[in-house]
Structure formats: C-alpha cells, structure tokens
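Below: one structure, written as structure tokens.
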Amino acid sequence: MTVPKHSGGHATGANMSDDLPKLTTNQKALKINLDPLFYGTFAEIGAGQEVARWFFKVGGAAGTISKSMSAYDMAVSDAIYGRCKRYVSRERLQGMLDHEHSLNLERLQSARRDSTAFFAFANTVAARNYLGTNECHGWMGVKFQAHPRDNDSQIIIHVRMLDRENDLQQEALGIVGVNLLYGAFFLHHRPDALVESLLDNLSTQRIEIDMIEFSGIEFRYVDNRVMSLKLVQLGLSGAAMFGPSGEVLQPSEVLRKHPVLVERGSFRPVTKVNIDMINSARDRFAAELQVDRGEVVELMEITMRNLLAAGKIDLTDFLARADVLAAVGKTVLISDYFEYYRLAAYLARYTSQPIAVTMGVASIQDLFKEEYYSGLEGGILEAFGKLFTKDLRIYVYPLKDPVTGQLSTVENMQMAGDLHNLYRHLVDRGRIRQLDNFDENVLHIFSRDVLRRIKDNDPSWETMVPPQIAELIKDRRYFGYREAEMSDAATPK
C-alpha cells in the first residue's frame, strides 16, 4: 500500500496504526518531561534554542534537561567541539552529539545509571539571514539510550526550512526537534512510524527532510536505503540519495561544486548497456568541460513512478536494484521528479556546475510527448525553458534495429509535426548531443529482455550483465532467479 503524502498537518500512513495518539507539540514535549526515564543535554547552534524552549515552556523540564546551551561564537564552538571546515555540517553535528553525550555519561552515570536513559540532542542551523540570500537548512540529531545501561543509538536528519520568515523557520525547526526526540524515545521500535511522525503538526510546505540515518543498537536491523525511500514515499523530500555501501548521503554535500551526470532507468537488472551509457556520457561530459572524470558526480536515478509501476512498492525488488547498482559502485538517487525539468531544478539547487542527462533514443522521443506537460500553462515550451536553463545538456545513446541493424541517432531521429523544428533547434544549439564513443557490441541488450531470460532460466542472460552482477543475482536469487531455477527442477525430463 502506498503512503499518502503530507498536505498540511499530519497524514496517516500505511505503517502507522490508527490507535497511536496524535499529539500536539506541547503534548509531546510534556510527555517527555513527565517521563522519569530520559535525561540529557540540548546543544543548539544557529537559530537559537528552538527545541529546548518547547520543553521549558510546557513545564517539568528539570526532569528532562541536564544542560541547555548555545555556542554561537565560532571560537567558542571550536573550543568545545573541535575545529571543522563548515559549522552547519554533519561533521559539526556529530562532534556535538559525541561530546555532549559522553559528558552526561561521565558526570551522571555513576549516580543514575540504573534508572536513567541518557541522551544528547543537537542541531546546527542556518536560518534566513537579514537579506534572505542564504540557504536555510540545518543538521539535527539525537544520540540516546533507549533503556538504562543500554548501548547507544542515534538518528541524524538534514532539514531544509521553507518558510520565508525567520521566526516561522525557527518555530518549524523547534517542532521537528520535538518530533525527533519523541520518535526516538517512544517509536524507536517502529522506525517507519518514527519517520512519518517527523512532520506531525507541520507540512511539507514548511519543512523538507532530505536525509535520515539510523545507527546503533536499537536500529541494527534498519536498512537506511529503505528509510531514504520512505522519505520520498511520504513526501517529506522530493528525492533521497545513498551510496554504494548503503550509506545515506545528503545531496548538497555530494553535489556541491561538482558537474552532475544522471542516468534514469529501472535497473532490473543493471546491464552492460547501462554501464556503457553512463561511461560514454561521463567521458564525453568530462572532456567537454575539460575536467577530470573523477570530478563528475554520477547518479543512477530510479523514479517513484517506476517503483510504483506494479501498484505498490516491492521492497525486496527495490533492494535488489540497489544491491546490483552497489555492486558496480554507483550512487543511487530515488526521486519523485518524473518530469525531467523538475529533476533539473532539484539538481541545480545544489550545484552551480553543468548538469547532464544521458538517455536512449526511446527516452528522448518520450521527452517530446506533449501530453506529459498538459499541467503547465506554457506546455512543452515552458517545460523545456525550465529544463534547459543554465548549462544542461542531454547525451543520447543510439538504438539498434534488431532486424536491419540500422542505428537510430540524434541525426536521423524524427519528431512529430512542429516538434521536429523544436528538436532540431535544441540539437543545433548543442543541448541535445549524440554519443559516438559507445560499444556497438552491447547495443542488442535490453533490461526487460535480460529480466525475461533470468525468469525463464535462460543462461544467456549472464553474458548481458557485468560479471559481478551475474554472481550477485545468482548468489542472492534476485529478479526471479530462485523461482526460475525451482521451476526448471520441477519440470519432468
């Protein structure tokens, strides 16, 4: 079952039972204050003590807060937590959590360890400046014991504040912080419900959460790739990113000051064509920009529309795709941006460098279908005006006719009616470019054909994917390989 997106206030999701109380922010803060189990520190930098003040306001804070502090001055912050390159960063947040949590254990554990679960809450935030010219975002997290004497657990999130006024941003930040603490203390055994609760008493028009990471003893069975998917599924973020090791990534830290190259696909499974397409485009892109290939950030994008093609998300299938992409060292972007112009706007938010998309001939033809842009007043012209802003370019991978052997390319591709003139204009301007450094020996490979062969137990599929992916699929029985093998064994000889 798909989970409805937040549209203001709280939306009930598929994994959150109806019997859970829907509490206000005051009620959440008071419930924490009245619980004698949890005791710890609030350390907040940048937008004031917006989370701590909720606990002071509702009363009973002496039972919850061992210390509340703000280290606004950079020199003071460095003296307490050590030097770091950026003050609004994951690195600074982790330093704050580690330092404050260890102090609580050092100072208080001998007297309270059998009756107290200690925690440290921290955030480092850049709210709207006087001129309104800065990126309004922040890092927030909690390091905590779920039970007395327990090993530590931790949740880290990255938020973007979307309100236009500073005081509203601070209010939203405080609400998210209370939601995070409440979730950590009372919903840690239900991470899906915890994620959904982060926007209680808020909406996605005010706050975006584009990264979440669970770690530690209480979350030892949590797959952060699934939690990243959950952010997008719930509408808490338009996209989420994770690396080859399954580590969640914050987009601005990955994309900042880098050229970006995207390949969209189903990747069921990753084939030699997928790899050749991204490699060919990366080499061409880097050469045209006169930068080292390593400077280009490659993203293999899977859209929510693709994941929901069967009507609901199959987590086993999703993780199989993620694993095969990890096997070839790729970074994965899960996005709710089916329209390419929305994807381009998302990426341009994080980098000022050129952006490129690589796609096959069939995809470029779909790009020019006007029905996809019926919701825009300016139709396809408005969409392309947004898509091709800055220095975005599209690299087109050829299509080989299996009967005639003829290649369909940028030069011989035809678009319907007047759209052909628009198409030729973009080609002549260099916005749509033909790849000519491809491997013609793999052009006969299509993911859907490979998937069919896997399910039919046709061993020829193994020649169509990179060797490490073939081994992974067989070892873990991905994409129907198990069922195909069992079916074959059951067939009378």
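We label chains A, B, ... in the order they appear in the structure tokens, count residues from 1 in each chain, and number ligands from 1 in the order shown.
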Q.
When DSSP is applied to the backbone of this structure, which of range 381-477 of chain A are assigned alpha helix (DSSP H)? Write them out as a PyMOL selection string.
A. chain A and resi 381-387+419-428+447-455+467-476
(Q) So that I can check the surroundings of Glu382 in chain A, please list as a list in words every protein, DNA and RNA residue that reaches within 12 Å of it, counting only C-alpha atoms and ignoring chain neighbours fewer than 5 positions away. (A)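 Counting only C-alpha atoms, the residues come to Tyr341, Arg342, Glu370, Tyr372, Tyr373, Ser374, Gly375, Leu376, Glu377, Leu387, Phe388 and Thr389 of chain A.
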For the residues in the current selection, export N, CA and C atoms as a tab-separated table (two decimals), in the first residue's frame.
```tsv
chain	number	residue	atom	x	y	z
A	341	TYR	N	12.34	18.34	-16.19
A	341	TYR	CA	12.59	19.73	-15.82
A	341	TYR	C	12.56	19.91	-14.30
A	342	ARG	N	11.76	19.08	-13.62
A	342	ARG	CA	11.74	19.13	-12.16
A	342	ARG	C	13.00	18.51	-11.58
A	370	GLU	N	3.88	15.78	-25.86
A	370	GLU	CA	3.27	16.96	-25.26
A	370	GLU	C	2.31	16.64	-24.11
A	372	TYR	N	2.77	14.95	-21.57
A	372	TYR	CA	3.44	15.00	-20.26
A	372	TYR	C	3.43	16.40	-19.65
A	373	TYR	N	3.13	17.42	-20.45
A	373	TYR	CA	3.24	18.79	-19.98
A	373	TYR	C	1.89	19.52	-19.99
A	374	SER	N	0.81	18.74	-19.99
A	374	SER	CA	-0.52	19.34	-20.06
A	374	SER	C	-0.84	20.17	-18.82
A	375	GLY	N	-0.16	19.88	-17.71
A	375	GLY	CA	-0.41	20.63	-16.49
A	375	GLY	C	0.27	21.98	-16.44
A	376	LEU	N	1.12	22.26	-17.40
A	376	LEU	CA	1.82	23.55	-17.45
A	376	LEU	C	1.08	24.49	-18.40
A	377	GLU	N	0.91	25.72	-17.99
A	377	GLU	CA	0.21	26.69	-18.84
A	377	GLU	C	0.91	26.87	-20.17
A	387	LEU	N	13.84	23.17	-18.27
A	387	LEU	CA	14.80	22.08	-18.37
A	387	LEU	C	16.18	22.56	-18.82
A	388	PHE	N	16.20	23.39	-19.84
A	388	PHE	CA	17.48	23.76	-20.45
A	388	PHE	C	18.03	25.08	-19.93
A	389	THR	N	17.64	25.46	-18.71
A	389	THR	CA	18.28	26.62	-18.10
A	389	THR	C	19.71	26.26	-17.73
```
Q: For CA of Ala146 in chain A and CA of Ala117 in chain A, determine how far apart the two atoms are, in Å to one decimal place.
A: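 Those two atoms sit 6.1 Å apart.
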Q: Give me the residues within 10 Å of Met227 in chain A as a VMD selection string, counting only C-alpha atoms and dropping any in the same chain fewer than 2 places off.
A: chain A and resid 191 to 192 195 211 to 214 222 to 225 229 to 233 240 248
Would you mind exporting the chosen residues as a PDB file, in the first residue's frame, restricted to N, CA, C and O atoms?
```
ATOM      1  N   PRO A 191      10.570   2.200  13.266  1.00  0.00           N
ATOM      2  CA  PRO A 191      11.211   3.282  12.508  1.00  0.00           C
ATOM      3  C   PRO A 191      10.351   3.858  11.391  1.00  0.00           C
ATOM      4  O   PRO A 191      10.446   5.051  11.096  1.00  0.00           O
ATOM      5  N   ASP A 192       9.493   3.048  10.765  1.00  0.00           N
ATOM      6  CA  ASP A 192       8.601   3.583   9.731  1.00  0.00           C
ATOM      7  C   ASP A 192       7.674   4.645  10.319  1.00  0.00           C
ATOM      8  O   ASP A 192       7.486   5.729   9.750  1.00  0.00           O
ATOM      9  N   VAL A 195       9.609   7.853  11.223  1.00  0.00           N
ATOM     10  CA  VAL A 195       9.847   8.735  10.076  1.00  0.00           C
ATOM     11  C   VAL A 195       8.591   9.522   9.740  1.00  0.00           C
ATOM     12  O   VAL A 195       8.625  10.735   9.515  1.00  0.00           O
ATOM     13  N   MET A 211      17.378  13.806   4.231  1.00  0.00           N
ATOM     14  CA  MET A 211      18.296  12.751   4.646  1.00  0.00           C
ATOM     15  C   MET A 211      17.946  12.293   6.046  1.00  0.00           C
ATOM     16  O   MET A 211      17.630  13.112   6.909  1.00  0.00           O
ATOM     17  N   ILE A 212      17.971  10.995   6.272  1.00  0.00           N
ATOM     18  CA  ILE A 212      17.830  10.447   7.609  1.00  0.00           C
ATOM     19  C   ILE A 212      18.729   9.234   7.718  1.00  0.00           C
ATOM     20  O   ILE A 212      18.870   8.459   6.761  1.00  0.00           O
ATOM     21  N   GLU A 213      19.369   9.103   8.877  1.00  0.00           N
ATOM     22  CA  GLU A 213      20.250   7.950   9.088  1.00  0.00           C
ATOM     23  C   GLU A 213      20.032   7.416  10.498  1.00  0.00           C
ATOM     24  O   GLU A 213      20.128   8.143  11.481  1.00  0.00           O
ATOM     25  N   PHE A 214      19.745   6.126  10.577  1.00  0.00           N
ATOM     26  CA  PHE A 214      19.622   5.422  11.842  1.00  0.00           C
ATOM     27  C   PHE A 214      20.886   4.605  12.077  1.00  0.00           C
ATOM     28  O   PHE A 214      21.411   3.982  11.147  1.00  0.00           O
ATOM     29  N   VAL A 222      17.808  -1.915  10.844  1.00  0.00           N
ATOM     30  CA  VAL A 222      17.233  -0.921   9.939  1.00  0.00           C
ATOM     31  C   VAL A 222      18.123  -0.761   8.708  1.00  0.00           C
ATOM     32  O   VAL A 222      19.336  -0.596   8.830  1.00  0.00           O
ATOM     33  N   ASP A 223      17.524  -0.830   7.533  1.00  0.00           N
ATOM     34  CA  ASP A 223      18.240  -0.561   6.285  1.00  0.00           C
ATOM     35  C   ASP A 223      17.981   0.894   5.911  1.00  0.00           C
ATOM     36  O   ASP A 223      16.850   1.263   5.588  1.00  0.00           O
ATOM     37  N   ASN A 224      19.019   1.724   5.973  1.00  0.00           N
ATOM     38  CA  ASN A 224      18.836   3.148   5.725  1.00  0.00           C
ATOM     39  C   ASN A 224      18.434   3.460   4.288  1.00  0.00           C
ATOM     40  O   ASN A 224      17.897   4.534   4.014  1.00  0.00           O
ATOM     41  N   ARG A 225      18.661   2.533   3.370  1.00  0.00           N
ATOM     42  CA  ARG A 225      18.184   2.736   2.000  1.00  0.00           C
ATOM     43  C   ARG A 225      16.655   2.713   1.967  1.00  0.00           C
ATOM     44  O   ARG A 225      16.017   3.502   1.259  1.00  0.00           O
ATOM     45  N   LEU A 229      14.065   5.765   0.973  1.00  0.00           N
ATOM     46  CA  LEU A 229      12.896   5.593   0.109  1.00  0.00           C
ATOM     47  C   LEU A 229      11.636   6.092   0.815  1.00  0.00           C
ATOM     48  O   LEU A 229      10.773   6.732   0.201  1.00  0.00           O
ATOM     49  N   LYS A 230      11.542   5.835   2.110  1.00  0.00           N
ATOM     50  CA  LYS A 230      10.379   6.240   2.889  1.00  0.00           C
ATOM     51  C   LYS A 230      10.209   7.760   2.880  1.00  0.00           C
ATOM     52  O   LYS A 230       9.090   8.275   2.795  1.00  0.00           O
ATOM     53  N   LEU A 231      11.314   8.500   2.963  1.00  0.00           N
ATOM     54  CA  LEU A 231      11.232   9.964   2.922  1.00  0.00           C
ATOM     55  C   LEU A 231      10.529  10.442   1.660  1.00  0.00           C
ATOM     56  O   LEU A 231       9.681  11.339   1.698  1.00  0.00           O
ATOM     57  N   VAL A 232      10.889   9.842   0.535  1.00  0.00           N
ATOM     58  CA  VAL A 232      10.308  10.251  -0.744  1.00  0.00           C
ATOM     59  C   VAL A 232       8.873   9.752  -0.852  1.00  0.00           C
ATOM     60  O   VAL A 232       7.975  10.467  -1.316  1.00  0.00           O
ATOM     61  N   GLN A 233       8.628   8.535  -0.411  1.00  0.00           N
ATOM     62  CA  GLN A 233       7.295   7.946  -0.482  1.00  0.00           C
ATOM     63  C   GLN A 233       6.285   8.766   0.311  1.00  0.00           C
ATOM     64  O   GLN A 233       5.138   8.956  -0.107  1.00  0.00           O
ATOM     65  N   ALA A 240      15.969  11.353  -2.500  1.00  0.00           N
ATOM     66  CA  ALA A 240      16.900  10.892  -1.479  1.00  0.00           C
ATOM     67  C   ALA A 240      18.032  10.150  -2.173  1.00  0.00           C
ATOM     68  O   ALA A 240      17.859   9.613  -3.271  1.00  0.00           O
ATOM     69  N   VAL A 248      23.591   6.614   3.608  1.00  0.00           N
ATOM     70  CA  VAL A 248      22.750   7.698   3.134  1.00  0.00           C
ATOM     71  C   VAL A 248      23.609   8.938   2.931  1.00  0.00           C
ATOM     72  O   VAL A 248      24.556   9.188   3.667  1.00  0.00           O
TER      73      VAL A 248
END
```
Q: Return the single residue from A:Asn457, A:Thr124, A:Gln468, A:Thr25 that is closest to Gly480 in chain A, with distances computed using only C-alpha atoms.
A: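 That would be A:Asn457, the residue with the smallest distance to Gly480 in chain A.
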Q) Smallest atom-to-atom distance to Phe479 in chain A: which of A:Glu288, A:Ala320, A:Pro459, A:Cys84, using only C-alpha atoms? A)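 Using only C-alpha atoms, the shortest distance to Phe479 in chain A belongs to A:Ala320.
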Q: Go ahead and compute the interatomic distance for CA of Phe55 in chain A and CA of Asn33 in chain A, in Å to one decimal.
A: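 Between these atoms lies a distance of 6.9 Å.
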Q: Taking the DSSP assignment computed from this structure's backbone, write out as a list in words all residues of range 306-484 of chain A that belong to strand (DSSP E or B).
A: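 Taking range 306-484 of chain A and keeping strand (DSSP E or B) gives Thr331, Val332, Leu333, Ile334, Ser335, Ile355, Ala356, Val357, Thr358, Met359, Gly360, Arg393, Ile394, Tyr395, Val396, Tyr397, Leu399, Lys400, Leu407, Ser408, Ile432, Arg433 and Gln434 of chain A.
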Q) So which residues touch range 414-420 of chain A within 8 Å, counting only C-alpha atoms, skipping near sequence neighbours fewer than 2 positions away, as an MDAnalysis selection string? A) chainID A and resid 365 368 412 422:424
**Q.** Contacts of range 330-335 of chain A at 6 Å (only C-alpha atoms; same-chain gap of 4+ positions) as a PyMOL selection string
**A.** chain A and resi 238-244+299-303+325-326
